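Trainee: Handing over target_5.pdb, PDB, C-alpha atoms.
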MODEL        1
ATOM      1  CA  MET A   1     -20.465  -9.606 -16.132
ATOM      2  CA  ASP A   2     -19.637 -10.021 -12.435
ATOM      3  CA  ASP A   3     -17.151 -12.754 -13.365
ATOM      4  CA  LEU A   4     -15.488 -10.375 -15.825
ATOM      5  CA  VAL A   5     -15.186  -7.620 -13.220
ATOM      6  CA  ASN A   6     -13.814  -9.983 -10.574
ATOM      7  CA  ALA A   7     -11.306 -11.402 -13.049
ATOM      8  CA  ARG A   8     -10.199  -7.861 -13.855
ATOM      9  CA  LEU A   9      -9.703  -7.176 -10.149
ATOM     10  CA  ARG A  10      -7.344 -10.146  -9.804
ATOM     11  CA  GLU A  11      -5.161  -9.810 -12.880
ATOM     12  CA  ARG A  12      -2.462  -7.595 -11.298
ATOM     13  CA  PRO A  13       0.736  -9.574 -10.607
ATOM     14  CA  VAL A  14       1.979 -10.453  -7.128
ATOM     15  CA  LEU A  15       3.767  -7.903  -4.965
ATOM     16  CA  TRP A  16       7.069  -9.710  -5.311
ATOM     17  CA  ASP A  17       7.770 -13.381  -5.693
ATOM     18  CA  ASP A  18      11.548 -13.677  -5.398
ATOM     19  CA  PRO A  19      12.103 -16.328  -2.696
ATOM     20  CA  GLU A  20      15.214 -14.622  -1.303
ATOM     21  CA  PRO A  21      14.770 -10.854  -1.825
ATOM     22  CA  GLU A  22      17.839  -8.787  -1.047
ATOM     23  CA  GLY A  23      18.117  -6.496   1.946
ATOM     24  CA  VAL A  24      18.781  -6.515   5.665
ATOM     25  CA  LEU A  25      15.167  -7.125   6.617
ATOM     26  CA  SER A  26      14.295  -9.602   3.868
ATOM     27  CA  PRO A  27      13.308 -12.302   3.948
ATOM     28  CA  PHE A  28      11.370 -11.997   7.174
ATOM     29  CA  GLU A  29      10.846 -15.152   9.163
ATOM     30  CA  GLY A  30       7.911 -16.968   7.584
ATOM     31  CA  ALA A  31       7.656 -14.457   4.738
ATOM     32  CA  GLY A  32       7.525 -17.206   2.138
ATOM     33  CA  GLU A  33       3.953 -17.947   3.152
ATOM     34  CA  ALA A  34       2.731 -14.473   2.211
ATOM     35  CA  VAL A  35       4.594 -13.353  -0.895
ATOM     36  CA  THR A  36       1.962 -14.368  -3.479
ATOM     37  CA  PRO A  37      -1.237 -12.495  -2.606
ATOM     38  CA  ASN A  38      -3.965 -11.917  -5.156
ATOM     39  CA  LEU A  39      -3.906  -8.184  -5.694
ATOM     40  CA  LEU A  40      -6.655  -5.927  -6.852
ATOM     41  CA  GLY A  41      -5.589  -5.407 -10.455
ATOM     42  CA  MET A  42      -6.229  -2.190 -12.340
ATOM     43  CA  PRO A  43      -5.102  -2.988 -15.010
ATOM     44  CA  THR A  44      -2.412  -5.596 -15.880
ATOM     45  CA  ILE A  45       0.321  -3.083 -16.702
ATOM     46  CA  ALA A  46       0.998  -0.764 -13.767
ATOM     47  CA  GLY A  47       0.398   2.832 -14.657
ATOM     48  CA  GLU A  48      -1.389   2.091 -17.931
ATOM     49  CA  SER A  49      -4.883   3.506 -17.980
ATOM     50  CA  ALA A  50      -7.598   1.101 -19.040
ATOM     51  CA  ARG A  51      -9.930   3.885 -20.137
ATOM     52  CA  ARG A  52     -12.096   3.020 -23.126
ATOM     53  CA  PRO A  53     -14.257   5.841 -24.449
ATOM     54  CA  ASP A  54     -17.121   3.491 -25.345
ATOM     55  CA  ALA A  55     -17.272   2.031 -21.825
ATOM     56  CA  ILE A  56     -17.063   5.411 -20.142
ATOM     57  CA  ALA A  57     -19.577   6.998 -22.476
ATOM     58  CA  ASP A  58     -22.041   4.262 -21.474
ATOM     59  CA  ALA A  59     -21.620   5.033 -17.775
ATOM     60  CA  GLY A  60     -24.900   5.661 -16.026
ATOM     61  CA  PRO A  61     -25.830   8.592 -13.805
ATOM     62  CA  ALA A  62     -24.516   6.825 -10.691
ATOM     63  CA  VAL A  63     -20.999   6.516 -12.135
ATOM     64  CA  ILE A  64     -20.992  10.093 -13.415
ATOM     65  CA  ALA A  65     -22.134  11.312  -9.991
ATOM     66  CA  LEU A  66     -19.385   9.266  -8.332
ATOM     67  CA  LEU A  67     -16.736  10.762 -10.593
ATOM     68  CA  ASP A  68     -18.014  14.236  -9.746
ATOM     69  CA  ASP A  69     -17.874  13.336  -6.037
ATOM     70  CA  ILE A  70     -14.293  12.129  -6.490
ATOM     71  CA  GLY A  71     -13.419  15.423  -8.167
ATOM     72  CA  ALA A  72     -14.918  17.374  -5.282
ATOM     73  CA  ALA A  73     -13.037  15.183  -2.777
ATOM     74  CA  LEU A  74      -9.775  15.807  -4.637
ATOM     75  CA  GLN A  75     -10.359  19.539  -4.433
ATOM     76  CA  ARG A  76     -10.976  19.262  -0.690
ATOM     77  CA  ALA A  77      -7.761  17.244  -0.381
ATOM     78  CA  VAL A  78      -5.872  20.001  -2.207
ATOM     79  CA  ASP A  79      -7.302  22.444   0.332
ATOM     80  CA  GLY A  80      -6.221  20.249   3.237
ATOM     81  CA  GLY A  81      -9.656  18.779   3.911
ATOM     82  CA  ARG A  82     -10.667  15.393   5.249
ATOM     83  CA  ALA A  83     -10.380  12.114   3.377
ATOM     84  CA  TRP A  84     -13.423  10.761   1.516
ATOM     85  CA  ARG A  85     -14.636   7.185   1.005
ATOM     86  CA  ARG A  86     -17.647   5.641  -0.758
ATOM     87  CA  ARG A  87     -18.876   2.042  -1.155
ATOM     88  CA  ILE A  88     -19.309   0.825  -4.744
ATOM     89  CA  ASP A  89     -20.275  -2.831  -4.303
ATOM     90  CA  HIS A  90     -23.944  -1.868  -4.601
ATOM     91  CA  LEU A  91     -23.423  -0.762  -8.210
ATOM     92  CA  PRO A  92     -24.398  -3.123 -11.052
ATOM     93  CA  SER A  93     -21.366  -4.911 -12.459
ATOM     94  CA  ASP A  94     -21.357  -2.938 -15.721
ATOM     95  CA  GLU A  95     -21.438   0.320 -13.760
ATOM     96  CA  ARG A  96     -18.518  -0.806 -11.593
ATOM     97  CA  LYS A  97     -16.581  -1.771 -14.702
ATOM     98  CA  ALA A  98     -17.234   1.647 -16.247
ATOM     99  CA  LEU A  99     -15.959   3.289 -13.065
ATOM    100  CA  LEU A 100     -12.777   1.149 -13.071
ATOM    101  CA  ASP A 101     -12.208   1.982 -16.729
ATOM    102  CA  ALA A 102     -12.533   5.675 -15.982
ATOM    103  CA  LEU A 103     -10.118   5.571 -13.049
ATOM    104  CA  GLY A 104      -7.515   3.304 -14.652
ATOM    105  CA  GLY A 105      -4.574   1.687 -12.868
ATOM    106  CA  GLY A 106      -1.725   3.271 -10.916
ATOM    107  CA  GLU A 107       1.598   2.365  -9.354
ATOM    108  CA  VAL A 108       0.821   1.433  -5.741
ATOM    109  CA  SER A 109      -0.818  -1.792  -4.560
ATOM    110  CA  MET A 110      -1.141  -3.343  -1.132
ATOM    111  CA  VAL A 111      -2.443  -6.404   0.648
ATOM    112  CA  ILE A 112      -3.560  -6.310   4.271
ATOM    113  CA  SER A 113      -3.796  -9.923   5.352
ATOM    114  CA  ARG A 114      -6.631 -11.426   7.366
ATOM    115  CA  GLY A 115      -7.893  -9.312  10.231
ATOM    116  CA  ALA A 116     -10.595 -10.347  12.687
ATOM    117  CA  ALA A 117     -12.183 -13.792  12.741
ATOM    118  CA  GLY A 118     -14.294 -14.339   9.648
ATOM    119  CA  GLU A 119     -12.486 -11.661   7.650
ATOM    120  CA  GLY A 120     -10.236 -12.235   4.658
ATOM    121  CA  ASP A 121      -7.651 -10.070   2.955
ATOM    122  CA  VAL A 122      -8.078  -6.429   2.072
ATOM    123  CA  GLN A 123      -6.655  -5.547  -1.354
ATOM    124  CA  ILE A 124      -6.132  -1.930  -2.394
ATOM    125  CA  SER A 125      -4.710  -0.391  -5.563
ATOM    126  CA  GLU A 126      -4.065   3.193  -6.446
ATOM    127  CA  SER A 127      -5.893   4.323  -9.568
ATOM    128  CA  ALA A 128      -4.267   6.213 -12.435
ATOM    129  CA  LEU A 129      -5.140   9.283 -10.367
ATOM    130  CA  PRO A 130      -2.682   9.394  -7.432
ATOM    131  CA  GLY A 131      -4.532   9.776  -4.173
ATOM    132  CA  VAL A 132      -7.596   7.943  -5.515
ATOM    133  CA  TRP A 133      -7.708   4.349  -4.248
ATOM    134  CA  ILE A 134      -9.878   1.351  -5.110
ATOM    135  CA  GLY A 135     -10.269  -1.284  -2.411
ATOM    136  CA  ARG A 136     -12.012  -4.537  -1.745
ATOM    137  CA  ALA A 137     -12.386  -6.664   1.364
ATOM    138  CA  GLU A 138     -12.968 -10.398   1.330
ATOM    139  CA  ASP A 139     -14.559 -12.759   3.801
ATOM    140  CA  GLU A 140     -12.803 -15.840   5.145
ATOM    141  CA  ALA A 141     -13.847 -17.864   2.086
ATOM    142  CA  GLY A 142     -12.467 -15.273  -0.332
ATOM    143  CA  ALA A 143     -15.815 -13.833  -1.438
ATOM    144  CA  VAL A 144     -16.066 -10.052  -1.811
ATOM    145  CA  ARG A 145     -17.831  -8.451   1.160
ATOM    146  CA  ALA A 146     -17.133  -4.800   0.320
ATOM    147  CA  MET A 147     -15.703  -2.620  -2.443
ATOM    148  CA  TRP A 148     -15.019   1.088  -2.247
ATOM    149  CA  VAL A 149     -13.299   4.102  -3.738
ATOM    150  CA  GLU A 150     -11.545   6.653  -1.553
ATOM    151  CA  VAL A 151      -9.556   9.854  -1.790
ATOM    152  CA  ALA A 152      -6.782  10.126   0.800
ATOM    153  CA  ASP A 153      -3.033  10.393   1.161
ATOM    154  CA  ALA A 154      -3.088   6.745   2.307
ATOM    155  CA  PRO A 155      -5.982   4.272   2.494
ATOM    156  CA  LYS A 156      -8.006   4.210   5.698
ATOM    157  CA  ALA A 157      -7.520   0.447   6.055
ATOM    158  CA  LEU A 158      -3.741   0.888   5.999
ATOM    159  CA  ARG A 159      -3.801   3.532   8.719
ATOM    160  CA  GLU A 160      -6.165   1.425  10.837
ATOM    161  CA  ALA A 161      -3.840  -1.564  10.534
ATOM    162  CA  ALA A 162      -0.840   0.597  11.459
ATOM    163  CA  ALA A 163      -2.632   1.768  14.598
ATOM    164  CA  ALA A 164      -3.966  -1.612  15.696
ATOM    165  CA  ARG A 165      -1.586  -4.367  14.677
ATOM    166  CA  PRO A 166       2.019  -3.668  15.757
ATOM    167  CA  ARG A 167       3.273  -4.177  19.311
ATOM    168  CA  ARG A 168       3.793  -1.123  21.512
ATOM    169  CA  ASP A 169       7.298  -1.790  22.794
ATOM    170  CA  LEU A 170      10.491  -3.763  22.343
ATOM    171  CA  ALA A 171      11.847  -5.451  25.488
ATOM    172  CA  LEU A 172      15.583  -5.278  24.792
ATOM    173  CA  GLU A 173      16.469  -6.481  28.282
ATOM    174  CA  ALA A 174      14.920  -9.865  27.512
ATOM    175  CA  LEU A 175      16.834 -10.369  24.257
ATOM    176  CA  THR A 176      19.979 -12.449  23.874
ATOM    177  CA  PRO A 177      21.782 -11.794  20.575
ATOM    178  CA  PRO A 178      23.458 -14.660  18.723
ATOM    179  CA  ARG A 179      27.149 -15.366  19.171
ATOM    180  CA  ASP A 180      28.249 -13.770  15.881
ATOM    181  CA  ALA A 181      26.189 -10.590  16.273
ATOM    182  CA  MET A 182      28.066  -7.306  16.016
ATOM    183  CA  ASN A 183      25.760  -4.294  15.757
ATOM    184  CA  VAL A 184      22.222  -5.576  16.088
ATOM    185  CA  MET A 185      21.624  -4.614  19.733
ATOM    186  CA  GLY A 186      22.715  -1.043  19.084
ATOM    187  CA  VAL A 187      20.429  -0.899  16.060
ATOM    188  CA  LEU A 188      17.507  -2.240  18.093
ATOM    189  CA  ALA A 189      18.180   0.261  20.874
ATOM    190  CA  GLU A 190      18.081   3.186  18.433
ATOM    191  CA  LEU A 191      15.014   1.742  16.756
ATOM    192  CA  ARG A 192      13.169   1.456  20.077
ATOM    193  CA  ALA A 193      14.125   4.964  21.138
ATOM    194  CA  ARG A 194      13.127   6.565  17.843
ATOM    195  CA  ALA A 195       9.841   4.652  17.658
ATOM    196  CA  SER A 196       8.838   5.571  21.211
ATOM    197  CA  GLU A 197       9.719   9.250  20.701
ATOM    198  CA  TRP A 198       7.887   9.710  17.403
ATOM    199  CA  ARG A 199       4.607  11.627  17.511
ATOM    200  CA  PRO A 200       2.049  12.269  14.732
ATOM    201  CA  GLY A 201       3.076  15.250  12.653
ATOM    202  CA  ALA A 202       6.801  14.792  13.289
ATOM    203  CA  PRO A 203       9.030  13.861  10.332
ATOM    204  CA  ASN A 204       9.931  10.219   9.831
ATOM    205  CA  HIS A 205      13.381   9.029  10.835
ATOM    206  CA  VAL A 206      15.209   6.807   8.334
ATOM    207  CA  MET A 207      17.838   4.224   9.276
ATOM    208  CA  ASN A 208      19.907   3.312   6.205
ATOM    209  CA  PHE A 209      21.271  -0.239   6.223
ATOM    210  CA  THR A 210      22.820  -0.142   2.777
ATOM    211  CA  LEU A 211      26.288   0.773   4.086
ATOM    212  CA  LEU A 212      25.887  -0.231   7.729
ATOM    213  CA  PRO A 213      28.216  -3.096   8.733
ATOM    214  CA  MET A 214      25.953  -6.002   9.716
ATOM    215  CA  THR A 215      26.863  -9.663   9.969
ATOM    216  CA  GLU A 216      24.528 -12.422   8.802
ATOM    217  CA  ALA A 217      23.778 -13.102  12.455
ATOM    218  CA  ASP A 218      22.871  -9.436  12.936
ATOM    219  CA  THR A 219      20.461  -9.374  10.010
ATOM    220  CA  ALA A 220      18.805 -12.679  10.857
ATOM    221  CA  PHE A 221      18.264 -11.642  14.483
ATOM    222  CA  LEU A 222      16.989  -8.196  13.470
ATOM    223  CA  ALA A 223      14.479  -9.697  11.051
ATOM    224  CA  LYS A 224      13.286 -12.152  13.685
ATOM    225  CA  ILE A 225      12.788  -9.500  16.374
ATOM    226  CA  VAL A 226      11.215  -6.870  14.129
ATOM    227  CA  GLY A 227       8.821  -9.301  12.460
ATOM    228  CA  GLU A 228       5.859  -8.537  10.207
ATOM    229  CA  ALA A 229       2.317  -7.287  10.803
ATOM    230  CA  GLY A 230       0.659  -8.766   7.736
ATOM    231  CA  VAL A 231       0.808  -5.698   5.463
ATOM    232  CA  ARG A 232       2.850  -5.438   2.269
ATOM    233  CA  VAL A 233       2.922  -2.603  -0.235
ATOM    234  CA  SER A 234       4.437  -2.387  -3.714
ATOM    235  CA  SER A 235       5.117   0.930  -5.431
ATOM    236  CA  GLY A 236       6.167   0.757  -9.071
ATOM    237  CA  GLY A 237       7.233   3.258 -11.673
ATOM    238  CA  TYR A 238      10.007   5.764 -11.068
ATOM    239  CA  GLY A 239      11.516   5.191  -7.628
ATOM    240  CA  ALA A 240      10.025   1.719  -7.233
ATOM    241  CA  ALA A 241       9.827   0.512  -3.656
ATOM    242  CA  ARG A 242       8.423  -2.244  -1.495
ATOM    243  CA  VAL A 243       7.208  -1.598   2.004
ATOM    244  CA  ILE A 244       6.505  -3.969   4.897
ATOM    245  CA  MET A 245       4.709  -2.976   8.071
ATOM    246  CA  THR A 246       6.753  -4.497  10.881
ATOM    247  CA  ALA A 247       5.399  -5.873  14.142
ATOM    248  CA  LEU A 248       6.781  -2.831  15.985
ATOM    249  CA  ARG A 249       4.588   0.243  16.223
ATOM    250  CA  ASN A 250       5.631   3.115  13.892
ATOM    251  CA  VAL A 251       8.324   0.963  12.241
ATOM    252  CA  TRP A 252       8.356   0.146   8.509
ATOM    253  CA  ALA A 253      10.856  -1.712   6.333
ATOM    254  CA  VAL A 254      11.318   0.143   3.031
ATOM    255  CA  GLN A 255      13.449  -1.038   0.128
ATOM    256  CA  TYR A 256      14.045   1.052  -2.997
ATOM    257  CA  LEU A 257      14.745  -0.791  -6.247
ATOM    258  CA  ASN A 258      16.495  -0.053  -9.521
ATOM    259  CA  GLY A 259      15.082  -0.814 -12.956
ATOM    260  CA  LEU A 260      16.214  -4.428 -12.712
ATOM    261  CA  GLY A 261      14.475  -4.979  -9.386
ATOM    262  CA  ALA A 262      17.663  -5.033  -7.286
ATOM    263  CA  VAL A 263      17.685  -3.291  -3.905
ATOM    264  CA  ILE A 264      19.672  -0.051  -4.087
ATOM    265  CA  LEU A 265      18.578   1.440  -0.756
ATOM    266  CA  ASP A 266      17.604  -0.699   2.226
ATOM    267  CA  THR A 267      16.037   1.193   5.116
ATOM    268  CA  ILE A 268      13.868   1.164   8.184
ATOM    269  CA  GLU A 269      11.535   4.142   8.360
ATOM    270  CA  ILE A 270      10.217   5.142  11.788
ATOM    271  CA  GLY A 271       7.063   7.210  11.969
ATOM    272  CA  ASP A 272       4.017   7.648   9.758
ATOM    273  CA  VAL A 273       3.176   5.754   6.573
ATOM    274  CA  PRO A 274       6.340   6.006   4.416
ATOM    275  CA  ASP A 275       6.563   8.620   1.695
ATOM    276  CA  ALA A 276       6.868   5.843  -0.913
ATOM    277  CA  VAL A 277       3.164   5.121  -0.302
ATOM    278  CA  LEU A 278       1.685   8.542   0.429
ATOM    279  CA  ALA A 279      -0.034  10.847  -2.049
ATOM    280  CA  ALA A 280       1.093  14.468  -1.680
ATOM    281  CA  ARG A 281      -0.811  17.711  -2.221
ATOM    282  CA  GLU A 282       0.712  18.015  -5.691
ATOM    283  CA  ASP A 283      -0.660  14.551  -6.530
ATOM    284  CA  PHE A 284      -4.162  15.646  -5.568
ATOM    285  CA  GLU A 285      -3.801  18.744  -7.753
ATOM    286  CA  ASP A 286      -2.653  16.723 -10.758
ATOM    287  CA  SER A 287      -5.366  14.114 -10.235
ATOM    288  CA  ARG A 288      -8.074  16.768 -10.037
ATOM    289  CA  ALA A 289      -6.937  18.212 -13.362
ATOM    290  CA  ARG A 290      -6.682  14.792 -15.018
ATOM    291  CA  LEU A 291     -10.119  13.770 -13.796
ATOM    292  CA  GLN A 292     -11.571  16.939 -15.298
ATOM    293  CA  GLU A 293      -9.929  16.069 -18.614
ATOM    294  CA  ILE A 294     -11.489  12.595 -18.495
ATOM    295  CA  ARG A 295     -14.843  14.089 -17.634
ATOM    296  CA  GLU A 296     -14.718  16.534 -20.542
ATOM    297  CA  ALA A 297     -13.316  14.087 -23.111
ATOM    298  CA  TYR A 298     -15.424  10.995 -22.497
ATOM    299  CA  LEU A 299     -18.520  11.833 -20.499
ATOM    300  CA  PRO A 300     -21.615  13.811 -21.466
TER     301      PRO A 300
ENDMDL
END
Now, as a test, write the supplied structure out as structure tokens.
Mentor:
Amino acid sequence: MDDLVNARLRERPVLWDDPEPEGVLSPFEGAGEAVTPNLLGMPTIAGESARRPDAIADAGPAVIALLDDIGAALQRAVDGGRAWRRRIDHLPSDERKALLDALGGGEVSMVISRGAAGEGDVQISESALPGVWIGRAEDEAGAVRAMWVEVADAPKALREAAAARPRRDLALEALTPPRDAMNVMGVLAELRARASEWRPGAPNHVMNFTLLPMTEADTAFLAKIVGEAGVRVSSGGYGAARVIMTALRNVWAVQYLNGLGAVILDTIEIGDVPDAVLAAREDFEDSRARLQEIREAYLP
């Protein structure tokens, strides 16, 4: 049964596998090495719930108690309370599977690449209930060392990476732009100023590159200087987007896609975790109601 659960966790497709994605900040230098992560999959089709009444009805007391705890955490989130997180790797494999079936699969997935020595990737997917996340952390060999469920606007691991990984400053004085550059130094100057001025609680500032005149030399130099911090996020469904945490603190590359997967809005977002990733208060409200419906329809 453990093999079945682990296979289920890996069946979600890659974040994006186009070798030359469109946009000012794509591809990043060296990005080709990191565009095919194994995501936590819940389930194969994004947004399609995998709930099966027989599996959920067989859920034991531990799973039912967890679902009730998730419901209480969602209510606290609606009321502006603190985030909630609970380990689930201690559950028997059939209990974990019942929990995954109950929660289903959502639109947002992310991979946080290797952290400290001995650690592997962290893979997180939103459930069918926005604001409810399922995560797993691997060791260096790829074996699961932790699994959890959490209720939050954004996963704790993502916020920790955003606080710890990017550099604190951008030394413009030490940079020499390429010969054919036109606007890149001005863009970098604004980016540095906005990033250094931003404080928690302030609104994010968005720089739109879709109509900004940039030469190929500009875009290549910008991508090289901004860099990546080993975190990629994919948000599907309506308003699909892909998000990259850059190597500059408080700076994110965010691309919005049309139904065919083409970039229609190419931006840098300066500030907190981008809105394309975050769960809002309304999401928590909807998820609380949907969880209650699941509880009443399928569980004793």
Trainee: Work out how far apart CA of Gly236 (chain A) and CA of Gly106 (chain A) are and give it in Å to one decimal.
Mentor: 8.5 Å
Trainee: State, in Å with one decimal place, the distance from CA of Asp169 (chain A) to CA of Lys224 (chain A).
Mentor: 15.0 Å
Trainee: Can you translate the PyMOL selection byres ((chain A and resi 156-167) around 10) into the concrete residues it hits in this file, as an MDAnalysis selection string?
Mentor: chainID A and resid 83:85 110:113 115 122:124 133 135 137 150:155 168:170 226:233 245:252 272:273
Trainee: Using all atoms listed in the file, can you tell me which of A:Gln292, A:Asn204, A:Thr215, A:Ser93 comes closest to Gly71 (chain A)?
Mentor: A:Gln292
Trainee: Name the residues captured by the PyMOL selection byres ((chain A and resi 187) around 12) when it is applied to the shown file; answer as a PyMOL selection string.
Mentor: chain A and resi 24+172+177+181-186+188-194+207-209+212-214+218-219+221-223+225-226+267-268
Trainee: So how many Å separate CA of Gln75 (chain A) and CA of Gly105 (chain A), to one decimal?
Mentor: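 Those two atoms sit 20.6 Å apart.
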Trainee: To test your reading of the syntax: which residues would the PyMOL selection byres ((chain A and resi 256) around 9) return for the file shown? Reply as an NGL selection string.
Mentor: :A and (239-243 or 254-255 or 257-258 or 261-267 or 276)
Trainee: Would you please work out which residue, of A:Leu129, A:Ala171, A:Ile134, A:Gly60, is nearest to Ala289 (chain A) when using all atoms listed in the file?
Mentor: A:Leu129
Trainee: Box for region 276-290 of chain A: with edges along x, y and z, all listed atoms inside and 8 Å added on each side, what are the centre and edge lengths in Å to one decimal, as JSON?
Mentor:
{"center_x": -0.6, "center_y": 11.9, "center_z": -7.3, "size_x": 30.9, "size_y": 29.6, "size_z": 31.4}
Trainee: Using all atoms listed in the file, find the one residue out of A:Asp68, A:Glu197, A:Asp139, A:Glu95 that sits nearest to Ile270 (chain A).
Mentor: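 Ranking A:Asp68, A:Glu197, A:Asp139, A:Glu95 by distance to Ile270 (chain A), first place goes to A:Glu197.
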Trainee: Can you pull out every residue within 12 Å of Glu293 (chain A), counting all atoms listed in the file, but drop anything in the same chain fewer than 5 positions away, and send it as a PyMOL selection string?
Mentor: chain A and resi 67+71+102-103+129+286-288+298-299
Trainee: Because some atoms of region 100-123 of chain A are absent here, can you restore N, CA and C atoms and send them as a short mmCIF file (atom, residue, chain, number, x, y, z; two decimals), in the coordinates of the input?
Mentor:
data_model
loop_
_atom_site.label_atom_id
_atom_site.label_comp_id
_atom_site.auth_asym_id
_atom_site.auth_seq_id
_atom_site.Cartn_x
_atom_site.Cartn_y
_atom_site.Cartn_z
N LEU A 100 -14.17 1.59 -13.05
CA LEU A 100 -12.78 1.15 -13.07
C LEU A 100 -12.09 1.59 -14.35
N ASP A 101 -12.79 1.53 -15.47
CA ASP A 101 -12.21 1.98 -16.73
C ASP A 101 -11.88 3.47 -16.68
N ALA A 102 -12.77 4.24 -16.07
CA ALA A 102 -12.53 5.68 -15.98
C ALA A 102 -11.33 5.99 -15.10
N LEU A 103 -11.18 5.27 -14.00
CA LEU A 103 -10.12 5.57 -13.05
C LEU A 103 -8.77 4.99 -13.46
N GLY A 104 -8.77 3.89 -14.20
CA GLY A 104 -7.52 3.30 -14.65
C GLY A 104 -6.69 2.70 -13.52
N GLY A 105 -5.45 2.34 -13.83
CA GLY A 105 -4.57 1.69 -12.87
C GLY A 105 -3.32 2.48 -12.59
N GLY A 106 -2.89 2.50 -11.33
CA GLY A 106 -1.72 3.27 -10.92
C GLY A 106 -0.55 2.43 -10.50
N GLU A 107 0.31 2.98 -9.67
CA GLU A 107 1.60 2.37 -9.35
C GLU A 107 1.65 1.66 -8.00
N VAL A 108 0.71 1.94 -7.10
CA VAL A 108 0.82 1.43 -5.74
C VAL A 108 -0.27 0.39 -5.48
N SER A 109 0.12 -0.75 -4.94
CA SER A 109 -0.82 -1.79 -4.56
C SER A 109 -0.44 -2.34 -3.19
N MET A 110 -1.42 -2.81 -2.47
CA MET A 110 -1.14 -3.34 -1.13
C MET A 110 -2.10 -4.46 -0.78
N VAL A 111 -1.62 -5.35 0.08
CA VAL A 111 -2.44 -6.40 0.65
C VAL A 111 -2.34 -6.33 2.16
N ILE A 112 -3.47 -6.25 2.81
CA ILE A 112 -3.56 -6.31 4.27
C ILE A 112 -4.16 -7.66 4.60
N SER A 113 -3.36 -8.54 5.16
CA SER A 113 -3.80 -9.92 5.35
C SER A 113 -4.88 -10.01 6.40
N ARG A 114 -5.45 -11.18 6.56
CA ARG A 114 -6.63 -11.43 7.37
C ARG A 114 -6.63 -10.68 8.69
N GLY A 115 -7.76 -10.06 8.99
CA GLY A 115 -7.89 -9.31 10.23
C GLY A 115 -8.63 -10.12 11.28
N ALA A 116 -9.82 -9.67 11.65
CA ALA A 116 -10.60 -10.35 12.69
C ALA A 116 -11.13 -11.67 12.17
N ALA A 117 -11.61 -12.49 13.10
CA ALA A 117 -12.18 -13.79 12.74
C ALA A 117 -13.30 -13.60 11.73
N GLY A 118 -13.28 -14.43 10.68
CA GLY A 118 -14.29 -14.34 9.65
C GLY A 118 -13.95 -13.38 8.53
N GLU A 119 -12.89 -12.60 8.68
CA GLU A 119 -12.49 -11.66 7.65
C GLU A 119 -11.36 -12.23 6.81
N GLY A 120 -11.32 -11.84 5.54
CA GLY A 120 -10.24 -12.24 4.66
C GLY A 120 -9.29 -11.07 4.41
N ASP A 121 -8.61 -11.12 3.29
CA ASP A 121 -7.65 -10.07 2.96
C ASP A 121 -8.37 -8.80 2.51
N VAL A 122 -7.67 -7.69 2.67
CA VAL A 122 -8.08 -6.43 2.07
C VAL A 122 -7.05 -6.10 0.99
N GLN A 123 -7.52 -5.84 -0.22
CA GLN A 123 -6.66 -5.55 -1.35
C GLN A 123 -6.97 -4.14 -1.85
#
